[in-house]
Amino acid sequence: MGMQTIGRPTTPVAVAGSNGGTISGSKGLQQREDLIFEVGALDKTGVDLPTPKGRKDRLGGVARKTDVALPGLSEPEAVRHYVRLSQKNYAIDLGLFPLGSCTMKHNPRLNEKAARMAGFADIHPMQPQRTVQGALELIDELATWLKTLTGMPAVAMSPKAGAHGELCGMLAIRQALIARGEAATRKRVLVPASAHGTNPATAIQCGFIVDEIKADARGRVDMDDLKAKLETTDDIAGIMLTNPNTCGLFETDMKDIADLIHEAGGYFYCDGANFNAIVGRVRPGDLGVDAMHINLHKTFSTPHGGGGPGSGPTVLSEALAPFAPVPYVIKDEDGFHLVEDIEGEAANAFGRMVAFHGQMGMFVRALTYMLSHGADGLKQVAEDAVLNANYIQARMKDIMTPAFDGYCMHEALFSDAFAAEGVETIDIAKALIDEGYHPMTMYFPLVVHGAMLVEPTETESKQELDRFCDALTGVANKAAAGDPSLKGAPYFAPKKRLDETQAARKPILKWTPPVPEAIAAE
Amino acid sequence: MGMQTIGRPTTPVAVAGSNGGTISGSKGLQQREDLIFEVGALDKTGVDLPTPKGRKDRLGGVARKTDVALPGLSEPEAVRHYVRLSQKNYAIDLGLFPLGSCTMKHNPRLNEKAARMAGFADIHPMQPQRTVQGALELIDELATWLKTLTGMPAVAMSPKAGAHGELCGMLAIRQALIARGEAATRKRVLVPASAHGTNPATAIQCGFIVDEIKADARGRVDMDDLKAKLETTDDIAGIMLTNPNTCGLFETDMKDIADLIHEAGGYFYCDGANFNAIVGRVRPGDLGVDAMHINLHKTFSTPHGGGGPGSGPTVLSEALAPFAPVPYVIKDEDGFHLVEDIEGEAANAFGRMVAFHGQMGMFVRALTYMLSHGADGLKQVAEDAVLNANYIQARMKDIMTPAFDGYCMHEALFSDAFAAEGVETIDIAKALIDEGYHPMTMYFPLVVHGAMLVEPTETESKQELDRFCDALTGVANKAAAGDPSLKGAPYFAPKKRLDETQAARKPILKWTPPVPEAIAAE
Amino acid sequence: MRYLPLTPEDRSAMLNTIGAASVDDFYQDVPQSARLDGQIHGLPDHQGELAVERHMARLAAKNTTASDGPFFVGAGAYKHHVPASVDMIIQRSEFLTTYTPYQPEIAQGTLQTLFEFQTQVAEMTAMDVANASMYDGSTACAEAAVMACRVTRRKKVVLSGGLHPHYAAATRLLCEAQGIEVIELPPAIDGELELAKHVDDATACIIGQSPNVFGTVTDLSPVADAAHDKKALLVSVFTEAVSLGLVTPPGEMGADIAVGEGQSIGNPLTFGGPYVGLFACTQKLVRQMPGRLCGETVDADGERGFVLTLSTREQHIRRDKATSNICTNSGLCALAFTSHMTLLGGAGFEQLAQLNHETACDLADALEAVPGVKILTPRFFNEFAFETPVDAEAVLAMLEERGVLGGVRASRLVPDGDMGNVIIAAATECTTQDDIAAYAAALKEVI
Amino acid sequence: MRYLPLTPEDRSAMLNTIGAASVDDFYQDVPQSARLDGQIHGLPDHQGELAVERHMARLAAKNTTASDGPFFVGAGAYKHHVPASVDMIIQRSEFLTTYTPYQPEIAQGTLQTLFEFQTQVAEMTAMDVANASMYDGSTACAEAAVMACRVTRRKKVVLSGGLHPHYAAATRLLCEAQGIEVIELPPAIDGELELAKHVDDATACIIGQSPNVFGTVTDLSPVADAAHDKKALLVSVFTEAVSLGLVTPPGEMGADIAVGEGQSIGNPLTFGGPYVGLFACTQKLVRQMPGRLCGETVDADGERGFVLTLSTREQHIRRDKATSNICTNSGLCALAFTSHMTLLGGAGFEQLAQLNHETACDLADALEAVPGVKILTPRFFNEFAFETPVDAEAVLAMLEERGVLGGVRASRLVPDGDMGNVIIAAATECTTQDDIAAYAAALKEVI
Ligand SMILES: Cc1ncc(COP(=O)(O)O)c(C=O)c1O
Ligand SMILES: Cc1ncc(COP(=O)(O)O)c(C=O)c1O
């Protein structure tokens with residue numbers, strides 16, 4: 001999860017003085033880099049391919065008419081292009097990345113190495129199953145880990161990310177309702193206002209309607225509101241609840257909620273994005289959950305890659321397991337097999353979500369990570385993640401405004417109450433950039449004004465946390481004092497504040513060749 | 001070759017105003033990073049090892065007494081440490097690296113991939129030869145390329161870098177003189193004043209004495225001086241000549257020089273560091289050369305790695321071939337073999353230079369590069385390298401002062417004559433840093449005042465060259481105008497000008513724990 | 001543990017600052033009955049790199065790779081060569097370990113590459129605009145169907161009999177959940193043009209594929225016209241992105257939405273994922289697109305920069321009103337795609353496509369020469385279906401024994417298609433003439 | 001060609017700017033007879049990545065790797081585990097594709113890591129200072145010998161009978177070229193202390209090794225004393241850097257110069273190179289050291305920074321007066337070394353050493369239990385020599401047939417040592433108990 005900027009697209013305030021120009025446009029190690037379309041040439045290429053023979057084709061005339069008018073770059077230019085651009089990014093490998101709800105933890109390089117083993121990277125999803133027994137075994141082994149850690153009996157491995165896992169879980173609920181003959185009548189899905197945007201969006205994608213439930217003063221589900229909802233409606237399909245929730249708090253009444261929902265004939269979907277806080281200490285299966293996705297790209301350290309790919313295996317309760325989508329892996333005395341067709345033991349499967357069998361590349365990484373940590377290490381992961389967050393909360397609680405009382409789980413939530421009139425959360429965020437940090441998640445969850453959600457993860461040292469807290473303290477003090485310089489931040493980033501309003505007003509979504517001046521002048 | 005700063009260690013002039021501080025010490029993406037000794041902890045580690053069993057040892061008491069008092073870092077901290085530090089470096093992958101005499105060309109990543117194939121990276125030099133036939137074949141194949149490209153009959157593969165190749169060639173000459181019974185009498189090695197420092201240093205390491213020969217006004221060996229030397233001495237062991245020479249010029253009289261040296265009973269060592277200018281167009285073997293090292297880390301694109309490793313295979317003429325060092329690879333009907341002992345066909349070998357068989361990792365990369373370019377591509381390499389250098393020379397010739405008339409080969413040499421009084425070559429170099437470029441080689445060769453040696457290599461596009469020339473023009477104009485701001489450059493680099501004088505006066509060559517304040521105060 | 005920087009001393013100092021006695025304090029909200037005490041059973045404890053690496057290598061060694069021998073498996077994923085520099089680029093820490101570029105001032109690297117990616121995809125598909133990627137081709141296809149329904153406010157989609165069955169399944173699933181009617185035409189090797197007959201005033205879109213799952217290439221212009229006549233949209237699908245360099249692209253056939261799988265460019269096979277869904281459409285439809293879009297803008301100094309834009313389509317802003325629930329997409333695979341395309345350039349890309357086609361033609365010639373083989377695909381790019389007198393599963397098993405992975409049996413994808421003897425075989429630039437000869441020779445032996 | 005950015009149009013535009021008709025103009029200085037016209041014969045033309053990669057993979061496949069089975073080969077190079085992050089770090093463009101840090105303002109990355117490397121090496125060897133690396137252990141040893149002669153103004157060095165024969169050869173070669181007398185003591189498994197008897201007033205240094213080439217560890221203090229008595233230096237050599245974590249290090253034995261091979265830390269075997277020579281000495285000798293040194297200083301703002309320093313020892317400044325001709329050293333291997341050491345930390349390093357030793361002890365126990373085997377090395381770290389009744393070459397060949405690479409035959413290193421039946425075997429943290437059992441079982445079969 002990143003930022004919520006409802007009604008707050010950035011239009012920067014102009015600030016004075018750039019650092020003095022250079023002729024090249026570069027500055028020391030900071031390299032200017034234009035678009036490939038501006039530096040490449042149409043006949044240039046960075047690959048050497050054999051010359052086609054010019055043999056008779058078998059296209060039957062279905063041939064492309066226009067050239068693919070894209071420039072190429074030689075390999076040296078291409079490498080430089082991307083290396084230069086890369087240096088304009090912040091990354092975990094550069095520093096603390098406290099984006100709440102995103103679990104930006106260290107991505108071990110052993111995972112990358114394992115994922116590149118030819119036996120994983122160079123196998124085709126439609127090879128005969130005899131020739132991919134190791135791959136199927138790996139999926140099975142990972143599934144065992146996931147089921148054991150969550151205490152759930154089944155897992156669907158094919159979802160491609162968290163939101164896709166939500167889709168999986170909600171489609172399983174839908175299928176269960178179909179099986180009960182209640183799909184047409186049970187349409188209501190309860191979603192807390194604090195939920196991540198994907199929750200309501202997913203419910204809608206599955207044809208449900210969304211009914212928002214309130215948070216109480218402690219940042220948890222308001223049990224009175226929930227009970228009232230359940231009493232006044234008779235079309236409950238289920239609830240989607242995040243736990244630990246997006247305020248970074250454990251839903252104290254989790255089991256009661258589950259019981260209430262089940263009594264009302266609904267199912268309990270748990271958003272498992274924050275599983276990192278409890279892995280090894282709490283099993284969602286013990287809390288009455290019917291379905292939960294696990295973001296392998298959060299808890300299990302597969303890299304975010306600037307926006308993906310992820311992987312969202314979804315664990316299912318006994319009640320939902322029969323409806324799990326194809327394909328899945330089973331084992332018998334001959335070895336491992338893929339169940340791909342909706343028949344036989346998979347006769348009740350709700351369908352197929354995606355081509356092939358899921359995010360194998362992420363499976364390899366996640367299993368490598370799990371084996372590295374082991375059951376003992378994963379518990380320590382949760383504890384250190386929670387300890388780190390509480391440490392930040394403790395260090396900042398008198399300087400910023402904690403959104404709720406008491407300990408947090410893996411992330412600390414603050415409101416902007418401490419900031420002076422006119423200073424906004426975004427100003428604090430951008431000022432942190434100057435201090436060398438990626439900002440926390442801003443304006444999310446929506447239930448807190450000017451929310452700042454700080455998730456350090458367990459892979460930060462005390463030293464880094466202290467440095468971060470020192471910097472944040474400085475920025476927060478400026479915010480409290482209403483320091484006008486905050487509006488101009490960031491000053492030291494590769495770009496000044498970017499104009500998101502202009503971008504949205506007249507979207508320019510691709511490069512187009514400049515109009516030759518003669519024509520433009522007409 | 002880097003810079004020659006005889007008598008010119010930098011002591012920076014203080015300049016005003018840093019960019020405004022931050023609390024963290026980082027600035028936007030530029031991360032502060034302390035020494036590992038300041039951030040690590042003695043009991044921390046970034047590896048997980050099995051616990052030793054505590055079994056009875058067999059050390060016989062020869063045990064370390066003091067702890068290895070080095071801090072460790074967890075893996076996340078370690079990765080971040082090096083990634084942060086890496087961003088404080090300039091590199092080919094970031095931009096033009098016109099360090100004359102260094103041939104800083106693009107390093108293809110296919111080479112890196114090949115070098116990491118287990119069949120090359122994970123084999124031991126002392127494995128039975130039957131189990132490393134592919135490795136021996138590779139060495140043989142690379143040797144064939146080198147011999148064919150240079151037109152020489154033999155090559156010693158074990159030298160570890162250029163200077164080590166020089167050592168190889170000069171030791172072969174020494175051995176040949178021993179065989180002739182003239183080792184004691186022939187001690188004089190002629191070396192031009194323009195030579196790279198390794199040339200005289202190597203001659204001395206081999207027990208020779210160095211006699212400097214002059215350059216003529218055209219930047220080549222002064223033939224009159226040479227002839228005079230040869231006439232007045234009778235102890236000539238040989239000559240060490242770089243061709244193309246360090247002024248970036250082809251030694252026009254190369255063949256005559258070879259003939260003269262041979263007539264005088266000496267041998268001709270050619271420094272092949274600049275082979276990139278002529279590969280595929282000229283074979284040193286056709287010019288009378290007896291020995292020449294080839295820097296695989298220049299011409300054949302193995303990466304410089306911040307100072308190595310390199311590889312310096314040394315080709316040898318018929319006259320010197322019998323004295324080639326062990327080991328070397330031969331082939332017979334049973335396959336490939338290593339000749340490791342000084343006996344049989346290797347009875348005249350001058351010895352063994354090094355443990356094992358040379359820089360296999362570089363061999364793999366170099367052969368990968370050669371196969372990629374092919375014979376046709378390598379010729380184009382030379383031509384483009386020379387074209388690029390001449391283009392820079394042409395663009396800059398009216399703005400800076402070319403050291404010599406006429407076309408250059410792969411590098412363009414300028415003197416500081418155009419600069420105003422008080423502006424030094426180093427000021428121009430440091431100002432280029434602000435423009436986003438690594439400076440050219442400074443103060444080398446010594447035969448030109450305030451020399452600036454610019455070698456773009458063939459892997460630069462015209463666009464990059466133009467951008468570079470624009471920036472260099474701006475800087476040169478400032479230099480010509482005596483702009484005082486040059487003295488403060490660089491302004492935009494991770495550090496301001498560093499005090500080399502202080503570093504040399506009281507050398508601090510390792511970190512030592514800070515003295516606790518109480519003690520320090522005493 | 002090597003990934004955990006806190007030392008025992010750190011932990012107690014921090015607990016001290018916090019004022020907590022132990023980490024157990026933080027878990028007080030967990031119902032007592034749900035607290036795990038001690039170890040989780042059935043899972044191993046932590047292991048060093050060496051042990052873990054060996055475990056993974058052991059599993060990897062149990063698989064036959066696409067480079068171990070002659071290899072002709074396709075049907076939606078293709079064995080292509082990925083340049084070494086592409087893998088180096090995507091392993092740059094700054095690309096690999098960063099998040100979605102929500103803070104544009106420190107994410108210009110990601111953003112500029114996305115802008116370039118969008119430009120490339122638009123040009124390759126000959127469409128107006130492209131988004132910043134979907135999970136894969138199959139989910140892109142499903143999203144296209146529901147988008148078409150949103151755009152047209154209609155609730156019916158028609159799928160061709162040549163649409164990849166996995167794509168059809170994913171599309172059906174999403175549509176049906178949303179109450180959209182899905183008409184699937186019967187499996188057909190050369191039936192894309194049939195779609196024209198199935199458009200009516202209730203149809204939101206028709207979905208055709210070229211090259212289709214049997215390899216057949218089809219100019220969909222007639223079905224585009226038929227769709228447009230009824231104010232329906234044409235969704236044009238491809239699973240082999242390399243085909244765009246030679247075969248008529250969606251934009252040249254009048255497609256309103258083009259979706260496809262981008263794996264072939266820059267991404268290894270990896271047993272089916274992660275891949276990268278391509279999604280492009282006409283300018284008119286842009287505000288109904290799913291997924292992220294990167295757009296150009298300026299910063300406070302007036303310098304060009306890039307940002308994520310039109311976010312009001314997306315779940316994190318619009319929640320239940322969003323065009324899709326997608327959040328994490330295929331960023332790094334898109335980077336692999338765009339960097340490979342940058343290396344290829346348009347000219348190189350076309351040449352690559354040509355090579356693929358010629359190799360497949362050579363393969364077809366060689367197989368056709370085997371008695372009993374009948375090529376079923378009338379026009380193809382780098383893949384085709386063929387029939388032998390013998391059950392395809394048996395044929396493939398016998399080929400496998402001879403070291404040849406000969407393709408995909410059609411019945412695995414189309415169980416009810418009456419295609420028991422049909423094999424779908426693909427050839428790419430990685431296929432050598434020796435591979436082809438080995439295939440033909442082995443096939444001769446087994447049928 | 002993919003590595004060449006110039007297009008044909010670029011080339012002619014540039015020639016135009018230069019005023020040259022063709023590139024031939026630039027080669028006018030080449031004697032006509034030496035100009036190659038047209039192609040070089042006997043070499044292939046350019047090839048694409050795929051073809052080249054396949055060629056290299058074919059060669060690689062002809063080698064048996066150290067991970068293919070039980071592996072006990074050592075004698076100067078050791079199979080250790082290299083963490084994946086080390087390889088990632090050294091592949092960072094900014095480390096990989098940069099030059100020697102001659103421009104410190106834009107090379108602080110390299111410089112700081114060198115400073116850290118020097119600090120680590122000094123601490124590990126228990127010496128005062130270390131340089132920024134040599135080519136490898138053998139050339140470091142040779143340079144130490146000639147440095148000792150410079151320091152003492154004497155011309156004689158004495159080598160122990162346990163010095164790695166390749167190191168001895170490299171040292172003899174360089175010394176003899178400089179007119180330095182070299183005394184080599186006869187090969188001896190446990191003869192390091194013999195050195196004490198061979199120091200006289202003409203001796204510049206004595207060179208001992210621990211663990212020596214036969215694995216024997218020796219406290220060299222007595223020979224240090226003997227050397228110092230005669231104002232000669234002790235050069236203490238090691239080929240297994242991991243031993244420094246457990247075995248008495250040079251500095252604790254009174255060494256004046258410590259040299260060794262650093263490959264074991266962070267660097268793969270790679271058939272013998274590139275490796276990284278470690279070179280350390282006492283503070284007093286620092287200005288006579290060969291190679292580069294990195295030192296701390298401040299910049300114009302007074303901030304701490306690092307530079308190459310004491311360059312007046314080096315060839316690029318001092319030319320024929322330089323302490324060595326070395327220029328390019330082993331920068332990237334030093335980075336691998338230092339980053340691996342950073343991951344290990346002192347505690348992890350000691351644990352690694354302990355593991356190596358215990359595994360070797362286990363191996364010795366297992367082999368000793370095979371009838372006919374006699375362990376010859378009295379005290380060892382992770383390697384030892386043993387004797388069987390059968391010719392070592394034959395034994396190793398028979399072991400190899402059983403999938404075990406059992407070590408190095410001593411006679412390959414010491415042809416004249418009368419050691420025909422002696423095998424040198426090493427074990428490391430990569431050696432499993434299964435490997436050891438397999439070795440013992442196979443050995444039992446073959447002798
Ligand atoms: C709480 C929560 N739920 C769901 C998601 C969606 O996961 P994904 O981005 O993998 O689709 C996120 C991711 O940001 C999240 O933070
Ligand atoms: C002309 C010349 N000769 C020799 C050398 C020495 O080569 P190496 O650094 O590989 O030892 C160099 C390297 O800079 C050089 O430029």
# chains A, B, ... in the order shown; residues from 1 in each chain; ligands from 1
$ residues_near_ligand --ligand "ligand 1" --cutoff "6 Å" --atoms "only C-alpha atoms and all ligand atoms" --output "list in words"
Met1, Ser101, Cys102, Ala161, Gly162, Ala163, His196, Thr198, Asp271, Ala273, Asn295 and Gly310 of chain A; Ile326, Cys327 and Thr328 of chain C
$ residues_around --residues "Tyr407 of chain B" --least-positions-apart "5" --cutoff "10 Å" --atoms "only C-alpha atoms" --output "JSON, numbers by chain"
{"B": [248, 249, 250, 386, 387, 389, 390, 391, 393, 394, 412], "D": [18, 20, 25, 26, 27, 28, 29]}
$ interface_residues --of "chain A" --to "chain D" --cutoff "10 Å" --atoms "only C-alpha atoms" --output "ChimeraX atom specification"
/A:28-29,40-41,43-50,73-80,83,108-114
$ write_last_selection --atoms "C-alpha atoms" --output "PDB file, in the first residue's frame"
ATOM      1  CA  GLY A  28      28.646  15.132 -10.407  1.00  0.00           C
ATOM      2  CA  LEU A  29      27.462  11.572 -10.122  1.00  0.00           C
ATOM      3  CA  GLY A  40      18.215   5.801 -29.685  1.00  0.00           C
ATOM      4  CA  ALA A  41      18.156   5.396 -33.423  1.00  0.00           C
ATOM      5  CA  ASP A  43      18.265   1.234 -37.111  1.00  0.00           C
ATOM      6  CA  LYS A  44      20.363   0.660 -34.030  1.00  0.00           C
ATOM      7  CA  THR A  45      20.243  -2.522 -32.033  1.00  0.00           C
ATOM      8  CA  GLY A  46      21.831  -3.990 -28.963  1.00  0.00           C
ATOM      9  CA  VAL A  47      21.442  -7.597 -30.060  1.00  0.00           C
ATOM     10  CA  ASP A  48      23.091  -9.591 -32.809  1.00  0.00           C
ATOM     11  CA  LEU A  49      20.718 -11.916 -34.544  1.00  0.00           C
ATOM     12  CA  PRO A  50      21.361 -14.230 -37.454  1.00  0.00           C
ATOM     13  CA  LEU A  73      20.215   1.228 -28.279  1.00  0.00           C
ATOM     14  CA  SER A  74      23.515  -0.563 -28.441  1.00  0.00           C
ATOM     15  CA  GLU A  75      24.239  -2.584 -25.338  1.00  0.00           C
ATOM     16  CA  PRO A  76      26.573  -0.023 -23.771  1.00  0.00           C
ATOM     17  CA  GLU A  77      23.999   2.706 -24.202  1.00  0.00           C
ATOM     18  CA  ALA A  78      21.179   0.529 -22.926  1.00  0.00           C
ATOM     19  CA  VAL A  79      23.055  -0.551 -19.826  1.00  0.00           C
ATOM     20  CA  ARG A  80      23.964   3.021 -19.089  1.00  0.00           C
ATOM     21  CA  VAL A  83      21.922   2.213 -14.552  1.00  0.00           C
ATOM     22  CA  PRO A 108      17.934 -11.731   0.436  1.00  0.00           C
ATOM     23  CA  ARG A 109      20.062 -12.342  -2.611  1.00  0.00           C
ATOM     24  CA  LEU A 110      20.089 -16.075  -2.055  1.00  0.00           C
ATOM     25  CA  ASN A 111      16.449 -15.983  -3.112  1.00  0.00           C
ATOM     26  CA  GLU A 112      17.409 -14.321  -6.375  1.00  0.00           C
ATOM     27  CA  LYS A 113      20.109 -16.887  -6.958  1.00  0.00           C
ATOM     28  CA  ALA A 114      17.763 -19.777  -6.350  1.00  0.00           C
TER      29      ALA A 114
END
$ residues_around --residues "segment 449-451 of chain B" --least-positions-apart "6" --cutoff "10 Å" --atoms "only C-alpha atoms" --output "PyMOL selection string"
chain B and resi 3-5+247+401-403+413-417+419+424-426+440-443
$ residues_around --residues "Ser485 of chain A" --least-positions-apart "5" --cutoff "10 Å" --atoms "only C-alpha atoms" --output "PDB file with N, CA and C atoms, in the first residue's frame"
ATOM      1  N   VAL A  15       9.683  27.112  -5.784  1.00  0.00           N
ATOM      2  CA  VAL A  15      10.699  27.518  -4.812  1.00  0.00           C
ATOM      3  C   VAL A  15      11.905  28.088  -5.544  1.00  0.00           C
ATOM      4  N   ASP A 427       3.801  17.385   3.317  1.00  0.00           N
ATOM      5  CA  ASP A 427       4.987  18.211   3.519  1.00  0.00           C
ATOM      6  C   ASP A 427       5.997  17.486   4.410  1.00  0.00           C
ATOM      7  N   ALA A 431       9.695  16.233   3.220  1.00  0.00           N
ATOM      8  CA  ALA A 431      10.876  16.672   3.962  1.00  0.00           C
ATOM      9  C   ALA A 431      11.718  15.469   4.394  1.00  0.00           C
ATOM     10  N   LYS A 478       9.793  20.869  12.888  1.00  0.00           N
ATOM     11  CA  LYS A 478       9.524  21.916  11.900  1.00  0.00           C
ATOM     12  C   LYS A 478       8.033  21.992  11.581  1.00  0.00           C
ATOM     13  N   ALA A 479       7.421  20.816  11.464  1.00  0.00           N
ATOM     14  CA  ALA A 479       5.993  20.794  11.145  1.00  0.00           C
ATOM     15  C   ALA A 479       5.192  21.429  12.269  1.00  0.00           C
ATOM     16  N   PRO A 490      10.810  18.120  -1.565  1.00  0.00           N
ATOM     17  CA  PRO A 490      12.222  17.885  -1.294  1.00  0.00           C
ATOM     18  C   PRO A 490      13.129  18.837  -2.074  1.00  0.00           C
ATOM     19  N   TYR A 491      14.247  19.179  -1.456  1.00  0.00           N
ATOM     20  CA  TYR A 491      15.237  20.023  -2.109  1.00  0.00           C
ATOM     21  C   TYR A 491      16.383  19.212  -2.709  1.00  0.00           C
TER      22      TYR A 491
END
